[in-house]
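Engineer: Structure supplied as structure.cif; contents: mmCIF, C-alpha atoms.
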data_data
#
loop_
_atom_site.group_PDB
_atom_site.id
_atom_site.type_symbol
_atom_site.label_atom_id
_atom_site.label_comp_id
_atom_site.auth_asym_id
_atom_site.auth_seq_id
_atom_site.Cartn_x
_atom_site.Cartn_y
_atom_site.Cartn_z
ATOM 1 C CA MET A 1 -69.558 -12.069 3.340
ATOM 2 C CA SER A 2 -66.658 -11.529 0.985
ATOM 3 C CA LEU A 3 -64.141 -13.369 -1.132
ATOM 4 C CA GLN A 4 -60.429 -12.938 -0.404
ATOM 5 C CA VAL A 5 -58.251 -13.312 -3.502
ATOM 6 C CA TRP A 6 -54.815 -12.367 -4.747
ATOM 7 C CA CYS A 7 -54.779 -9.179 -6.778
ATOM 8 C CA LEU A 8 -52.448 -7.796 -9.440
ATOM 9 C CA SER A 9 -52.471 -4.333 -10.969
ATOM 10 C CA PHE A 10 -52.459 -4.075 -14.771
ATOM 11 C CA ARG A 11 -51.970 -0.922 -16.811
ATOM 12 C CA GLN A 12 -54.472 -0.035 -19.487
ATOM 13 C CA PRO A 13 -55.271 -1.186 -22.086
ATOM 14 C CA TYR A 14 -54.139 -4.597 -20.774
ATOM 15 C CA ALA A 15 -56.527 -4.763 -17.794
ATOM 16 C CA GLY A 16 -59.497 -4.277 -20.113
ATOM 17 C CA LEU A 17 -58.096 -6.651 -22.739
ATOM 18 C CA ILE A 18 -57.804 -9.373 -20.072
ATOM 19 C CA LEU A 19 -61.340 -8.841 -18.752
ATOM 20 C CA ASP A 20 -62.782 -8.717 -22.269
ATOM 21 C CA GLY A 21 -61.084 -12.029 -23.099
ATOM 22 C CA VAL A 22 -58.740 -10.693 -25.810
ATOM 23 C CA LYS A 23 -55.555 -11.149 -23.769
ATOM 24 C CA THR A 24 -55.352 -14.780 -22.602
ATOM 25 C CA VAL A 25 -51.654 -14.948 -21.699
ATOM 26 C CA GLU A 26 -49.840 -12.630 -19.261
ATOM 27 C CA SER A 27 -46.088 -12.012 -19.641
ATOM 28 C CA ARG A 28 -43.674 -11.025 -16.877
ATOM 29 C CA TRP A 29 -39.885 -11.000 -16.463
ATOM 30 C CA ARG A 30 -40.213 -13.369 -13.491
ATOM 31 C CA PRO A 31 -42.671 -16.173 -12.672
ATOM 32 C CA LEU A 32 -44.870 -13.941 -10.489
ATOM 33 C CA LEU A 33 -48.112 -15.829 -11.170
ATOM 34 C CA ALA A 34 -46.701 -19.384 -11.031
ATOM 35 C CA PRO A 35 -47.731 -19.935 -7.355
ATOM 36 C CA LEU A 36 -51.329 -18.980 -8.245
ATOM 37 C CA GLU A 37 -51.922 -21.778 -10.752
ATOM 38 C CA ASN A 38 -55.561 -22.989 -10.556
ATOM 39 C CA GLN A 39 -56.533 -19.997 -8.411
ATOM 40 C CA THR A 40 -58.587 -16.884 -9.127
ATOM 41 C CA LEU A 41 -56.829 -13.530 -9.516
ATOM 42 C CA ALA A 42 -58.456 -10.119 -9.067
ATOM 43 C CA VAL A 43 -57.631 -7.659 -11.864
ATOM 44 C CA HIS A 44 -56.826 -4.155 -10.607
ATOM 45 C CA ILE A 45 -56.783 -1.322 -13.146
ATOM 46 C CA ALA A 46 -53.727 0.864 -12.584
ATOM 47 C CA GLN A 47 -53.867 4.658 -12.851
ATOM 48 C CA ARG A 48 -51.131 4.750 -15.500
ATOM 49 C CA ASP A 49 -51.225 3.599 -19.103
ATOM 50 C CA TRP A 50 -48.887 1.014 -20.561
ATOM 51 C CA GLU A 51 -45.917 2.758 -22.176
ATOM 52 C CA GLY A 52 -45.714 1.755 -25.819
ATOM 53 C CA GLU A 53 -48.055 0.931 -28.676
ATOM 54 C CA GLU A 54 -47.183 -2.749 -29.281
ATOM 55 C CA TRP A 55 -50.706 -3.732 -28.284
ATOM 56 C CA ARG A 56 -52.137 -1.556 -31.051
ATOM 57 C CA GLU A 57 -49.841 -3.209 -33.627
ATOM 58 C CA VAL A 58 -50.988 -6.686 -32.546
ATOM 59 C CA LEU A 59 -54.706 -5.764 -32.489
ATOM 60 C CA SER A 60 -54.628 -4.083 -35.908
ATOM 61 C CA GLY A 61 -52.029 -6.446 -37.404
ATOM 62 C CA SER A 62 -52.197 -10.142 -36.652
ATOM 63 C CA LEU A 63 -55.613 -9.933 -34.909
ATOM 64 C CA GLY A 64 -57.004 -7.927 -37.847
ATOM 65 C CA MET A 65 -59.093 -5.383 -35.915
ATOM 66 C CA ASN A 66 -60.055 -2.042 -37.430
ATOM 67 C CA GLN A 67 -59.847 1.303 -35.591
ATOM 68 C CA ASP A 68 -63.536 1.215 -34.593
ATOM 69 C CA GLN A 69 -63.173 -2.262 -33.079
ATOM 70 C CA ILE A 70 -60.018 -1.210 -31.208
ATOM 71 C CA GLN A 71 -61.740 1.960 -29.924
ATOM 72 C CA ALA A 72 -64.739 -0.067 -28.731
ATOM 73 C CA LEU A 73 -62.399 -2.427 -26.856
ATOM 74 C CA LEU A 74 -60.573 0.501 -25.212
ATOM 75 C CA GLU A 75 -63.884 2.080 -24.144
ATOM 76 C CA SER A 76 -65.114 -1.247 -22.760
ATOM 77 C CA GLY A 77 -61.912 -1.526 -20.707
ATOM 78 C CA GLU A 78 -62.474 1.939 -19.223
ATOM 79 C CA ARG A 79 -66.073 1.255 -18.081
ATOM 80 C CA PHE A 80 -65.066 1.268 -14.389
ATOM 81 C CA GLY A 81 -62.328 3.903 -14.580
ATOM 82 C CA ARG A 82 -58.936 3.569 -12.900
ATOM 83 C CA GLY A 83 -57.666 2.612 -9.449
ATOM 84 C CA VAL A 84 -60.264 -0.122 -9.024
ATOM 85 C CA VAL A 85 -60.542 -3.882 -8.871
ATOM 86 C CA ALA A 86 -62.658 -4.478 -11.971
ATOM 87 C CA GLY A 87 -62.875 -8.234 -12.368
ATOM 88 C CA LEU A 88 -61.587 -11.744 -11.891
ATOM 89 C CA VAL A 89 -59.621 -14.176 -14.038
ATOM 90 C CA ASP A 90 -58.520 -17.780 -13.512
ATOM 91 C CA VAL A 91 -54.765 -18.420 -13.518
ATOM 92 C CA GLY A 92 -53.336 -21.354 -15.456
ATOM 93 C CA GLY A 93 -49.839 -22.719 -15.893
ATOM 94 C CA THR A 94 -46.702 -20.590 -16.179
ATOM 95 C CA TRP A 95 -43.774 -21.371 -18.484
ATOM 96 C CA LEU A 96 -40.648 -19.665 -19.789
ATOM 97 C CA CYS A 97 -40.814 -18.617 -23.431
ATOM 98 C CA PRO A 98 -37.621 -19.930 -25.070
ATOM 99 C CA ALA A 99 -35.244 -17.444 -26.687
ATOM 100 C CA SER A 100 -35.310 -19.609 -29.826
ATOM 101 C CA LEU A 101 -39.091 -19.438 -30.343
ATOM 102 C CA GLN A 102 -40.134 -18.006 -33.706
ATOM 103 C CA GLY A 103 -42.575 -18.363 -36.574
ATOM 104 C CA GLU A 104 -46.224 -19.324 -36.150
ATOM 105 C CA GLU A 105 -45.860 -20.450 -32.541
ATOM 106 C CA LEU A 106 -44.377 -17.083 -31.517
ATOM 107 C CA GLU A 107 -46.981 -15.166 -33.536
ATOM 108 C CA HIS A 108 -49.786 -17.090 -31.803
ATOM 109 C CA LEU A 109 -48.309 -16.219 -28.379
ATOM 110 C CA GLU A 110 -47.954 -12.558 -29.393
ATOM 111 C CA GLN A 111 -51.658 -12.555 -30.314
ATOM 112 C CA SER A 112 -52.543 -14.166 -26.961
ATOM 113 C CA THR A 113 -50.435 -11.694 -24.939
ATOM 114 C CA VAL A 114 -51.172 -8.717 -27.235
ATOM 115 C CA LEU A 115 -47.464 -7.959 -26.973
ATOM 116 C CA ILE A 116 -44.319 -8.316 -29.075
ATOM 117 C CA GLY A 117 -40.955 -9.612 -27.864
ATOM 118 C CA LEU A 118 -41.807 -12.485 -25.546
ATOM 119 C CA GLN A 119 -38.588 -14.476 -25.672
ATOM 120 C CA GLU A 120 -37.176 -15.223 -22.218
ATOM 121 C CA LYS A 121 -40.299 -13.901 -20.463
ATOM 122 C CA TYR A 122 -42.505 -15.976 -18.172
ATOM 123 C CA LEU A 123 -45.923 -16.555 -19.708
ATOM 124 C CA THR A 124 -49.061 -17.513 -17.776
ATOM 125 C CA HIS A 125 -52.385 -18.714 -19.194
ATOM 126 C CA LEU A 126 -55.440 -16.687 -18.113
ATOM 127 C CA SER A 127 -59.003 -17.926 -18.598
ATOM 128 C CA ASN A 128 -62.629 -17.330 -17.633
ATOM 129 C CA PRO A 129 -62.420 -13.509 -17.357
ATOM 130 C CA ARG A 130 -65.399 -11.806 -15.742
ATOM 131 C CA TRP A 131 -66.187 -8.208 -14.808
ATOM 132 C CA LEU A 132 -67.426 -7.447 -11.313
ATOM 133 C CA LYS A 133 -70.972 -6.079 -11.086
ATOM 134 C CA GLU A 134 -69.464 -2.789 -9.872
ATOM 135 C CA PRO A 135 -65.883 -1.589 -9.410
ATOM 136 C CA LEU A 136 -64.191 -1.879 -6.025
ATOM 137 C CA SER A 137 -62.075 1.184 -5.262
ATOM 138 C CA VAL A 138 -58.704 -0.019 -3.941
ATOM 139 C CA HIS A 139 -55.212 1.471 -3.866
ATOM 140 C CA GLY A 140 -52.905 -0.534 -6.086
ATOM 141 C CA GLY A 141 -49.989 -2.457 -4.680
ATOM 142 C CA ARG A 142 -46.656 -3.618 -5.961
ATOM 143 C CA ASP A 143 -46.556 -7.231 -7.181
ATOM 144 C CA LEU A 144 -49.293 -9.380 -5.622
ATOM 145 C CA TRP A 145 -51.452 -8.388 -2.672
ATOM 146 C CA THR A 146 -54.748 -9.665 -1.310
ATOM 147 C CA VAL A 147 -58.095 -7.976 -1.614
ATOM 148 C CA GLN A 148 -61.525 -8.616 -0.064
ATOM 149 C CA ILE A 149 -64.320 -8.510 -2.629
ATOM 150 C CA PRO A 150 -67.849 -8.230 -1.167
ATOM 151 C CA ASN A 151 -70.077 -11.060 -2.418
ATOM 152 C CA GLU A 152 -72.632 -8.646 -3.861
ATOM 153 C CA LEU A 153 -70.019 -7.445 -6.392
ATOM 154 C CA LEU A 154 -69.186 -10.962 -7.603
ATOM 155 C CA PRO A 155 -70.344 -11.757 -11.154
#
Show the structure stored in the file as structure tokens.

Structural biologist:
Amino acid sequence: MSLQVWCLSFRQPYAGLILDGVKTVESRWRPLLAPLENQTLAVHIAQRDWEGEEWREVLSGSLGMNQDQIQALLESGERFGRGVVAGLVDVGGTWLCPASLQGEELEHLEQSTVLIGLQEKYLTHLSNPRWLKEPLSVHGGRDLWTVQIPNELLP
């Protein structure tokens, strides 16, 4: 038996940050995850890293993590390597971040997305992250695709 779910590829360190519960809001330029509200999404770890260091600024800045804590998070996120489905997350509501948003509300969203510059992006709540028992080796796809996860890998 297996579970069929939608899957989305995330670059590191974001895949690990989602599965470790640090990143609780995903940002995209279009409402890609809106149709998946109240569904489970498989998290695929892409081969490539995220270009840019904004995540490091948010972790060490507003989230107040030191270098050892950040390094431990990065190592946790790499536990299954790359090119694998590593876990599951529940998808919540999607909304458009207004261009006018600023101050504490924007800072809170930047902490939740571990990203800077969210205005006019679509934001989606993510909750209940869980790692699979073992990674599932799968070629990544563009946008959303479906994946079959054997029951014995489910957390």

Engineer: For CA of Ala86 in chain A and CA of Leu41 in chain A, quote the distance in Å rounded to one decimal.

Structural biologist: 11.0 Å

Engineer: Could you tell me, as a ChimeraX atom specification, exactly which residues end up selected when the PyMOL selection byres ((chain A and resi 89) around 10) is applied to this structure?

Structural biologist: /A:18-19,21,24,39-43,87-88,90-92,125-131

Engineer: Dump C-alpha atoms for the selected residues as a compact mmCIF listing (two decimals), in the coordinates of the input?

Structural biologist:
# COMPACT_ATOMS: atom_id res chain seq x y z
CA ILE A 18 -57.80 -9.37 -20.07
CA LEU A 19 -61.34 -8.84 -18.75
CA GLY A 21 -61.08 -12.03 -23.10
CA THR A 24 -55.35 -14.78 -22.60
CA GLN A 39 -56.53 -20.00 -8.41
CA THR A 40 -58.59 -16.88 -9.13
CA LEU A 41 -56.83 -13.53 -9.52
CA ALA A 42 -58.46 -10.12 -9.07
CA VAL A 43 -57.63 -7.66 -11.86
CA GLY A 87 -62.88 -8.23 -12.37
CA LEU A 88 -61.59 -11.74 -11.89
CA ASP A 90 -58.52 -17.78 -13.51
CA VAL A 91 -54.76 -18.42 -13.52
CA GLY A 92 -53.34 -21.35 -15.46
CA HIS A 125 -52.38 -18.71 -19.19
CA LEU A 126 -55.44 -16.69 -18.11
CA SER A 127 -59.00 -17.93 -18.60
CA ASN A 128 -62.63 -17.33 -17.63
CA PRO A 129 -62.42 -13.51 -17.36
CA ARG A 130 -65.40 -11.81 -15.74
CA TRP A 131 -66.19 -8.21 -14.81

Engineer: Tell me which protein, DNA and RNA residues are within 8 Å of range 58-69 of chain A, counting all atoms listed in the file, leaving out same-chain ones fewer than 5 positions away, and put them as a PyMOL selection string.

Structural biologist: chain A and resi 107+110-111+114-116

Engineer: On this structure, which residues satisfy the PyMOL selection byres ((chain A and resi 45) around 9), written as a ChimeraX atom specification?

Structural biologist: /A:8-12,14-16,43-44,46-48,78,80-86,140

Engineer: Separation of CA of Leu101 in chain A and CA of Gly117 in chain A, in Å?

Structural biologist: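 So the answer is 10.3 Å.
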
Engineer: Mind checking which residues fall within 8 Å of Ser112 in chain A, counting all atoms listed in the file, ignoring those fewer than 4 positions away in the same chain, and posting them as a PyMOL selection string?

Structural biologist: chain A and resi 22-25+108

Engineer: What separation in Å, quoted to one decimal, exists between CA of Pro13 in chain A and CA of Trp55 in chain A?

Structural biologist: 8.1 Å

Engineer: Emit as JSON the padded axis-aligned box for all listed atoms of range 113-130 of chain A, 6 Å per side, with centre and edge lengths in Å to one decimal.

Structural biologist:
{"center_x": -51.3, "center_y": -13.3, "center_z": -22.4, "size_x": 40.2, "size_y": 22.8, "size_z": 25.3}

Engineer: With distances taken over only C-alpha atoms, which residue among A:Lys133, A:Arg142, A:Lys121, A:Arg56 lies nearest Trp95 in chain A?

Structural biologist: A:Lys121

Engineer: Between A:Val138, A:Cys7, A:Met1, A:Leu17, which one has atoms that come closest to Ile70 in chain A, using only C-alpha atoms?

Structural biologist: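 Counting only C-alpha atoms, the residue closest to Ile70 in chain A is A:Leu17.
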
Engineer: Compare A:Ser2, A:Gln71, A:Gln148, A:Thr124 by their minimum atom-to-atom distance to Leu109 in chain A, counting only C-alpha atoms, and give me the closest one.

Structural biologist: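 Under the stated criterion, the closest residue is A:Thr124.
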
Engineer: My list of candidates is A:His139, A:Glu134, A:Ser100, A:Leu3. Which is closest to Glu120 in chain A when distances are computed with only C-alpha atoms?

Structural biologist: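 Among the listed residues, the smallest separation from Glu120 in chain A belongs to A:Ser100.
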
Engineer: Considering all atoms listed in the file, can you say which of A:Gln102, A:Asp49, A:Leu132, A:Ser27 comes closest to Leu74 in chain A?

Structural biologist: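 The shortest atom-to-atom distance to Leu74 in chain A comes from A:Asp49.
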
Engineer: Here's a test: counting only C-alpha atoms, identify every protein, DNA and RNA residue with an atom at most 9 Å from (-43.4, -8.9, -18.2) in the file's coordinate frame, and state them as a short mmCIF file (atom, residue, chain, number, x, y, z; two decimals) with C-alpha atoms, keeping the file's coordinate frame.

Structural biologist:
data_model
loop_
_atom_site.label_atom_id
_atom_site.label_comp_id
_atom_site.auth_asym_id
_atom_site.auth_seq_id
_atom_site.Cartn_x
_atom_site.Cartn_y
_atom_site.Cartn_z
CA GLU A 26 -49.84 -12.63 -19.26
CA SER A 27 -46.09 -12.01 -19.64
CA ARG A 28 -43.67 -11.02 -16.88
CA TRP A 29 -39.88 -11.00 -16.46
CA ARG A 30 -40.21 -13.37 -13.49
CA LEU A 118 -41.81 -12.48 -25.55
CA LYS A 121 -40.30 -13.90 -20.46
CA TYR A 122 -42.50 -15.98 -18.17
CA LEU A 123 -45.92 -16.56 -19.71
#

Engineer: Nearest to Glu75 in chain A: which of A:Asp20, A:Glu152, A:Glu51, A:Asp143 is it, counting only C-alpha atoms?

Structural biologist: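 Distance minimum relative to Glu75 in chain A lands on A:Asp20.
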
Engineer: Evaluate the PyMOL selection byres ((chain A and resi 37) around 8) on the structure here and hand back the selected residues as a ChimeraX atom specification.

Structural biologist: /A:33-36,38-39,91-94

Engineer: Neighbours of Gln119 in chain A within 6 Å (all atoms listed in the file; same-chain residues fewer than 4 positions away dropped), as a list in words?

Structural biologist: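 The neighbour list is Cys97, Pro98 and Ala99 of chain A.
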